[in-house]
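Coordinates as given in target00.txt (compact mmCIF, C-alpha atoms):
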```
# COMPACT_ATOMS: atom_id res chain seq x y z
CA MET Z 13 -11.06 -21.57 3.80
CA ASN Z 14 -12.60 -22.67 0.51
CA LEU Z 15 -12.71 -26.23 -0.79
CA TRP Z 16 -9.81 -25.83 -3.17
CA LEU Z 17 -7.58 -24.49 -0.43
CA ALA Z 18 -8.47 -27.43 1.81
CA ALA Z 19 -7.63 -29.81 -1.05
CA SER Z 20 -4.35 -27.95 -1.57
CA VAL Z 21 -3.43 -28.46 2.08
CA GLY Z 22 -4.23 -32.18 1.80
CA LEU Z 23 -2.18 -32.49 -1.38
CA SER Z 24 0.77 -30.57 0.03
CA LEU Z 25 0.85 -32.88 3.05
CA ALA Z 26 1.31 -35.77 0.59
CA LEU Z 27 4.60 -34.19 -0.45
CA PHE Z 28 6.24 -35.05 2.91
CA PRO Z 29 6.29 -38.84 2.27
CA CYS Z 30 7.58 -38.11 -1.25
CA ALA Z 31 10.37 -36.00 0.23
CA PHE Z 32 11.20 -38.80 2.65
CA ILE Z 33 11.50 -41.26 -0.25
CA CYS Z 34 13.57 -38.83 -2.33
CA LEU Z 35 15.99 -37.99 0.49
CA SER Z 36 16.57 -41.18 2.40
CA THR Z 37 16.28 -44.35 0.29
CA SER Z 38 18.09 -46.14 -2.54
CA PRO Z 39 18.61 -44.40 -5.92
CA GLU Z 40 16.01 -46.66 -7.56
CA ARG Z 41 13.32 -45.68 -5.07
CA ARG Z 42 14.38 -42.04 -5.30
CA LEU Z 43 13.64 -42.16 -9.02
CA VAL Z 44 10.11 -43.42 -8.36
CA GLY Z 45 9.73 -40.87 -5.56
CA ILE Z 46 10.75 -37.94 -7.73
CA GLN Z 47 8.24 -38.98 -10.39
CA MET Z 48 5.47 -39.21 -7.81
CA THR Z 49 6.51 -35.78 -6.50
CA GLY Z 50 6.18 -34.33 -10.00
CA LEU Z 51 2.68 -35.75 -10.40
CA VAL Z 52 1.42 -34.61 -7.00
CA LEU Z 53 3.01 -31.19 -7.45
CA THR Z 54 1.34 -30.68 -10.83
CA ILE Z 55 -2.09 -31.45 -9.37
CA LEU Z 56 -1.27 -29.27 -6.35
CA LEU Z 57 -0.38 -26.31 -8.57
CA VAL Z 58 -3.73 -26.56 -10.35
CA ALA Z 59 -5.53 -26.72 -7.00
CA ILE Z 60 -3.61 -23.72 -5.60
CA THR Z 61 -4.33 -21.76 -8.78
CA LEU Z 62 -8.06 -22.32 -8.44
CA ALA Z 63 -7.93 -21.66 -4.68
CA CYS Z 64 -6.30 -18.26 -5.27
CA GLY Z 65 -8.34 -17.49 -8.37
CA TYR Z 66 -5.31 -16.34 -10.35
CA LEU Z 67 -5.84 -18.48 -13.44
CA PRO Z 68 -2.67 -17.65 -15.47
CA PHE Z 69 -0.74 -19.73 -12.90
CA LEU Z 70 -2.18 -22.80 -14.67
CA ASP Z 71 0.61 -22.39 -17.21
CA ALA Z 72 3.09 -23.16 -14.43
CA ALA Z 73 1.36 -26.48 -13.82
CA GLY Z 74 1.59 -27.33 -17.53
CA ALA Z 75 5.25 -26.37 -17.60
CA LEU Z 76 5.91 -28.48 -14.52
CA ALA Z 77 4.20 -31.50 -16.12
CA LEU Z 78 6.51 -31.16 -19.14
CA CYS Z 79 9.62 -30.59 -17.00
CA ALA Z 80 8.81 -33.58 -14.79
CA TYR Z 81 8.55 -35.66 -17.97
CA GLY Z 82 11.96 -34.53 -19.25
CA GLY Z 83 13.58 -34.79 -15.84
CA GLY Z 84 12.21 -38.26 -15.18
CA LEU Z 85 13.36 -39.54 -18.56
CA PHE Z 86 16.80 -38.00 -18.12
CA TYR Z 87 17.20 -39.45 -14.62
CA ALA Z 88 16.04 -42.90 -15.79
CA ARG Z 89 18.33 -42.84 -18.80
CA SER Z 90 21.37 -41.75 -16.81
CA MET Z 91 20.66 -44.40 -14.18
CA GLU Z 92 20.40 -47.04 -16.91
CA LYS Z 93 23.78 -46.06 -18.35
CA ASN Z 94 25.59 -45.74 -15.01
CA PRO Z 95 24.64 -48.76 -12.87
CA MET B 128 -24.13 -27.02 1.23
CA THR B 129 -25.65 -27.01 -2.25
CA PRO B 130 -25.52 -30.11 -4.50
CA HIS B 131 -23.03 -28.25 -6.69
CA GLU B 132 -20.66 -27.70 -3.74
CA PHE B 133 -21.19 -31.27 -2.57
CA LEU B 134 -20.19 -32.62 -6.01
CA GLU B 135 -17.13 -30.36 -6.05
CA ALA B 136 -16.13 -31.45 -2.54
CA THR B 137 -16.55 -35.11 -3.49
CA LEU B 138 -14.38 -34.71 -6.57
CA LEU B 139 -11.70 -32.87 -4.59
CA ALA B 140 -11.78 -35.56 -1.89
CA GLY B 141 -11.28 -38.14 -4.65
CA ILE B 142 -8.24 -36.24 -5.96
CA VAL B 143 -6.64 -36.03 -2.51
CA ALA B 144 -7.47 -39.68 -1.79
CA SER B 145 -5.98 -40.91 -5.07
CA CYS B 146 -2.77 -38.95 -4.44
CA TRP B 147 -2.50 -40.21 -0.87
CA ILE B 148 -3.20 -43.85 -1.84
CA GLY B 149 -0.55 -43.57 -4.55
CA VAL B 150 2.00 -42.10 -2.15
CA ILE B 151 1.28 -44.63 0.62
CA GLY B 152 1.41 -47.51 -1.86
CA MET B 153 4.73 -46.24 -3.19
CA ILE B 154 6.15 -46.18 0.34
CA ARG B 155 4.75 -49.60 1.27
CA MET B 156 6.21 -51.42 -1.74
CA ARG B 157 9.72 -52.58 -1.03
CA VAL B 158 10.68 -53.29 -4.65
CA PRO B 159 10.93 -50.13 -6.81
CA MET B 160 9.38 -51.98 -9.78
CA GLN B 161 6.23 -52.54 -7.70
CA ALA B 162 6.24 -48.95 -6.44
CA LEU B 163 6.08 -47.81 -10.07
CA ASP B 164 2.52 -49.17 -10.32
CA TYR B 165 1.27 -46.57 -7.88
CA LEU B 166 2.28 -43.69 -10.17
CA SER B 167 -0.82 -44.38 -12.22
CA LEU B 168 -3.24 -43.44 -9.43
CA PRO B 169 -2.51 -39.69 -9.32
CA ALA B 170 -1.71 -39.62 -13.04
CA CYS B 171 -4.94 -41.25 -14.22
CA SER B 172 -7.71 -41.04 -11.65
CA GLY B 173 -6.31 -37.91 -9.98
CA SER B 174 -6.00 -35.92 -13.17
CA ILE B 175 -9.39 -37.03 -14.56
CA LEU B 176 -11.10 -36.10 -11.29
CA LEU B 177 -9.22 -32.80 -11.37
CA VAL B 178 -10.64 -31.99 -14.80
CA ALA B 179 -14.14 -32.87 -13.59
CA ALA B 180 -13.70 -30.69 -10.48
CA VAL B 181 -12.45 -27.72 -12.51
CA PHE B 182 -15.38 -28.04 -14.93
CA VAL B 183 -17.80 -28.14 -11.98
CA HIS B 184 -16.09 -25.10 -10.42
CA THR B 185 -15.62 -22.84 -13.44
CA GLY B 186 -17.82 -24.31 -16.17
CA SER B 187 -16.51 -24.38 -19.72
CA SER B 188 -13.80 -21.75 -19.27
CA SER B 189 -10.25 -21.32 -20.51
CA ALA B 190 -8.98 -22.61 -17.16
CA ALA B 191 -11.00 -25.79 -17.58
CA TRP B 192 -9.63 -26.41 -21.06
CA LYS B 193 -6.07 -25.71 -19.87
CA THR B 194 -6.64 -28.31 -17.17
CA VAL B 195 -7.80 -30.74 -19.88
CA VAL B 196 -4.48 -30.16 -21.66
CA ILE B 197 -2.56 -30.76 -18.42
CA CYS B 198 -4.60 -33.95 -17.83
CA LEU B 199 -3.87 -35.18 -21.34
CA LEU B 200 -0.18 -34.42 -20.82
CA LEU B 201 -0.13 -36.45 -17.61
CA LEU B 202 -2.09 -39.30 -19.20
CA ALA B 203 0.26 -39.41 -22.19
CA ILE B 204 3.50 -38.91 -20.31
CA ASN B 205 2.99 -41.31 -17.42
CA PRO B 206 3.18 -44.60 -19.40
CA ILE B 207 6.29 -43.39 -21.24
CA VAL B 208 8.13 -42.39 -18.08
CA THR B 209 7.00 -45.54 -16.26
CA HIS B 210 8.22 -47.74 -19.11
CA ALA B 211 11.56 -45.91 -19.28
CA THR B 212 11.97 -46.20 -15.52
CA ALA B 213 11.14 -49.90 -15.47
CA ARG B 214 13.60 -50.48 -18.27
CA ALA B 215 16.27 -48.53 -16.37
CA LEU B 216 15.62 -50.47 -13.18
CA ARG B 217 15.78 -53.77 -15.05
CA SER B 218 19.02 -52.82 -16.83
CA ARG B 219 20.54 -51.67 -13.58
CA GLU B 220 19.58 -54.92 -11.89
CA SER B 221 20.57 -57.48 -14.51
CA GLY B 222 22.72 -55.57 -17.02
CA TYR B 223 20.27 -56.02 -19.91
CA TRP B 224 16.60 -55.18 -20.11
CA LYS B 225 15.32 -58.01 -22.34
CA LEU B 226 14.60 -61.55 -21.19
CA LEU B 227 17.59 -63.54 -20.00
CA PRO B 228 17.87 -67.37 -19.86
CA ASP B 229 17.68 -67.45 -16.05
CA ASP B 230 14.51 -65.34 -15.86
CA GLY B 231 12.26 -68.39 -15.65
CA ALA B 232 10.40 -67.77 -18.92
CA GLU B 233 10.22 -69.95 -22.01
CA PHE B 234 11.25 -67.72 -24.88
CA ILE B 235 10.62 -68.47 -28.58
CA PRO B 236 12.63 -66.19 -30.89
CA ALA B 237 11.04 -64.75 -34.03
CA GLY B 238 11.24 -66.71 -37.28
CA ILE B 239 11.45 -70.16 -35.73
CA ARG B 240 7.91 -71.24 -36.79
CA GLY B 241 7.92 -69.99 -40.38
CA PRO B 242 8.36 -66.86 -42.50
CA ASN B 243 5.30 -65.08 -41.05
CA ASP B 244 6.51 -65.46 -37.47
CA ARG B 245 7.88 -61.96 -36.99
CA TYR B 246 7.66 -61.47 -33.23
CA ASP B 247 9.41 -62.99 -30.23
CA GLN B 248 7.03 -64.84 -27.96
CA ILE B 249 7.03 -65.58 -24.25
CA VAL B 250 5.16 -68.84 -23.71
CA THR B 251 5.19 -69.35 -19.96
CA ALA B 252 6.54 -67.15 -17.25
CA GLY B 253 7.62 -68.97 -14.14
CA PRO B 254 8.94 -67.60 -10.87
CA ARG B 255 11.94 -65.40 -11.31
CA LYS B 256 15.25 -66.50 -9.84
CA VAL B 257 16.45 -64.04 -7.21
```
What is this structure when it is put down as structure tokens?
Amino acid sequence: MNLWLAASVGLSLALFPCAFICLSTSPERRLVGIQMTGLVLTILLVAITLACGYLPFLDAAGALALCAYGGGLFYARSMEKNP
Amino acid sequence: MTPHEFLEATLLAGIVASCWIGVIGMIRMRVPMQALDYLSLPACSGSILLVAAVFVHTGSSSAAWKTVVICLLLLAINPIVTHATARALRSRESGYWKLLPDDGAEFIPAGIRGPNDRYDQIVTAGPRKV
């Protein structure tokens, strides 16, 4: 197991608390949880890419960062309009 | 373990630690507005350490520069999303996101002290009524 794979395992374990927040708390906390999930997942994708050595997968991490941005803004905006 | 591997391992440990501290802090905070603060740990320190680790691992390669772009994206996006989320949480809680009279803050509207006074000003912020 190389260092990047070990870091990927550590980062993927951090997704379980995020999933707990996203699935079982109030909508406000779910919004924060989904944004944290997007951040951790972006870093995890970069780590997995370097662990596997297949570098074109880095584009997926960039796309996820952009999608998490759009998704977070859309969720926040819709929650603001529908209290 | 060579010094190069030791540096890489230290940077990777920092990335994992910053993500875990952010996640644990988010869980520990009961108020969502406070939990928002912990988004900055993976977004700022995590992504900067990630760039450093990729540069140590691959040198100045296309992967490293793509990671710089991803890091810049995270650094630019995180304040925007955090601000939008805080505004949404505030609007959801009190119906309006700007200061309200019962917020415990002395509020001076713009223009009250002369023609050059163009900005609203919060003078003192007291404890918020719950």
Show me which bits of chain B are within 9 Å of chain Z, counting all atoms listed in the file, as a PDB file with C-alpha atoms, in the coordinates of the input.
```
ATOM      1  CA  GLU B 132     -20.660 -27.700  -3.740  1.00  0.00           C
ATOM      2  CA  GLU B 135     -17.130 -30.360  -6.050  1.00  0.00           C
ATOM      3  CA  ALA B 136     -16.130 -31.450  -2.540  1.00  0.00           C
ATOM      4  CA  LEU B 139     -11.700 -32.870  -4.590  1.00  0.00           C
ATOM      5  CA  ALA B 140     -11.780 -35.560  -1.890  1.00  0.00           C
ATOM      6  CA  ILE B 142      -8.240 -36.240  -5.960  1.00  0.00           C
ATOM      7  CA  VAL B 143      -6.640 -36.030  -2.510  1.00  0.00           C
ATOM      8  CA  ALA B 144      -7.470 -39.680  -1.790  1.00  0.00           C
ATOM      9  CA  CYS B 146      -2.770 -38.950  -4.440  1.00  0.00           C
ATOM     10  CA  TRP B 147      -2.500 -40.210  -0.870  1.00  0.00           C
ATOM     11  CA  GLY B 149      -0.550 -43.570  -4.550  1.00  0.00           C
ATOM     12  CA  VAL B 150       2.000 -42.100  -2.150  1.00  0.00           C
ATOM     13  CA  ILE B 151       1.280 -44.630   0.620  1.00  0.00           C
ATOM     14  CA  MET B 153       4.730 -46.240  -3.190  1.00  0.00           C
ATOM     15  CA  ILE B 154       6.150 -46.180   0.340  1.00  0.00           C
ATOM     16  CA  ARG B 157       9.720 -52.580  -1.030  1.00  0.00           C
ATOM     17  CA  VAL B 158      10.680 -53.290  -4.650  1.00  0.00           C
ATOM     18  CA  PRO B 159      10.930 -50.130  -6.810  1.00  0.00           C
ATOM     19  CA  MET B 160       9.380 -51.980  -9.780  1.00  0.00           C
ATOM     20  CA  ALA B 162       6.240 -48.950  -6.440  1.00  0.00           C
ATOM     21  CA  LEU B 163       6.080 -47.810 -10.070  1.00  0.00           C
ATOM     22  CA  TYR B 165       1.270 -46.570  -7.880  1.00  0.00           C
ATOM     23  CA  LEU B 166       2.280 -43.690 -10.170  1.00  0.00           C
ATOM     24  CA  PRO B 169      -2.510 -39.690  -9.320  1.00  0.00           C
ATOM     25  CA  ALA B 170      -1.710 -39.620 -13.040  1.00  0.00           C
ATOM     26  CA  GLY B 173      -6.310 -37.910  -9.980  1.00  0.00           C
ATOM     27  CA  SER B 174      -6.000 -35.920 -13.170  1.00  0.00           C
ATOM     28  CA  LEU B 177      -9.220 -32.800 -11.370  1.00  0.00           C
ATOM     29  CA  VAL B 181     -12.450 -27.720 -12.510  1.00  0.00           C
ATOM     30  CA  HIS B 184     -16.090 -25.100 -10.420  1.00  0.00           C
ATOM     31  CA  SER B 189     -10.250 -21.320 -20.510  1.00  0.00           C
ATOM     32  CA  ALA B 190      -8.980 -22.610 -17.160  1.00  0.00           C
ATOM     33  CA  LYS B 193      -6.070 -25.710 -19.870  1.00  0.00           C
ATOM     34  CA  THR B 194      -6.640 -28.310 -17.170  1.00  0.00           C
ATOM     35  CA  VAL B 196      -4.480 -30.160 -21.660  1.00  0.00           C
ATOM     36  CA  ILE B 197      -2.560 -30.760 -18.420  1.00  0.00           C
ATOM     37  CA  LEU B 200      -0.180 -34.420 -20.820  1.00  0.00           C
ATOM     38  CA  LEU B 201      -0.130 -36.450 -17.610  1.00  0.00           C
ATOM     39  CA  ILE B 204       3.500 -38.910 -20.310  1.00  0.00           C
ATOM     40  CA  ASN B 205       2.990 -41.310 -17.420  1.00  0.00           C
ATOM     41  CA  ILE B 207       6.290 -43.390 -21.240  1.00  0.00           C
ATOM     42  CA  VAL B 208       8.130 -42.390 -18.080  1.00  0.00           C
ATOM     43  CA  THR B 209       7.000 -45.540 -16.260  1.00  0.00           C
ATOM     44  CA  ALA B 211      11.560 -45.910 -19.280  1.00  0.00           C
ATOM     45  CA  THR B 212      11.970 -46.200 -15.520  1.00  0.00           C
ATOM     46  CA  ALA B 213      11.140 -49.900 -15.470  1.00  0.00           C
ATOM     47  CA  ARG B 214      13.600 -50.480 -18.270  1.00  0.00           C
ATOM     48  CA  ALA B 215      16.270 -48.530 -16.370  1.00  0.00           C
ATOM     49  CA  LEU B 216      15.620 -50.470 -13.180  1.00  0.00           C
ATOM     50  CA  ARG B 217      15.780 -53.770 -15.050  1.00  0.00           C
ATOM     51  CA  SER B 218      19.020 -52.820 -16.830  1.00  0.00           C
ATOM     52  CA  ARG B 219      20.540 -51.670 -13.580  1.00  0.00           C
ATOM     53  CA  GLU B 220      19.580 -54.920 -11.890  1.00  0.00           C
ATOM     54  CA  GLY B 222      22.720 -55.570 -17.020  1.00  0.00           C
TER      55      GLY B 222
END
```
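Across the model, the gap from atom CA of Val178 of chain B to atom CA of Trp192 of chain B is 8.4 Å.
Atom pair atom CA of Gly141 of chain B / atom CA of Ser172 of chain B has a distance of 8.4 Å (rounded to one decimal).
Between atom CA of Leu202 of chain B and atom CA of Leu176 of chain B the separation is 12.4 Å.
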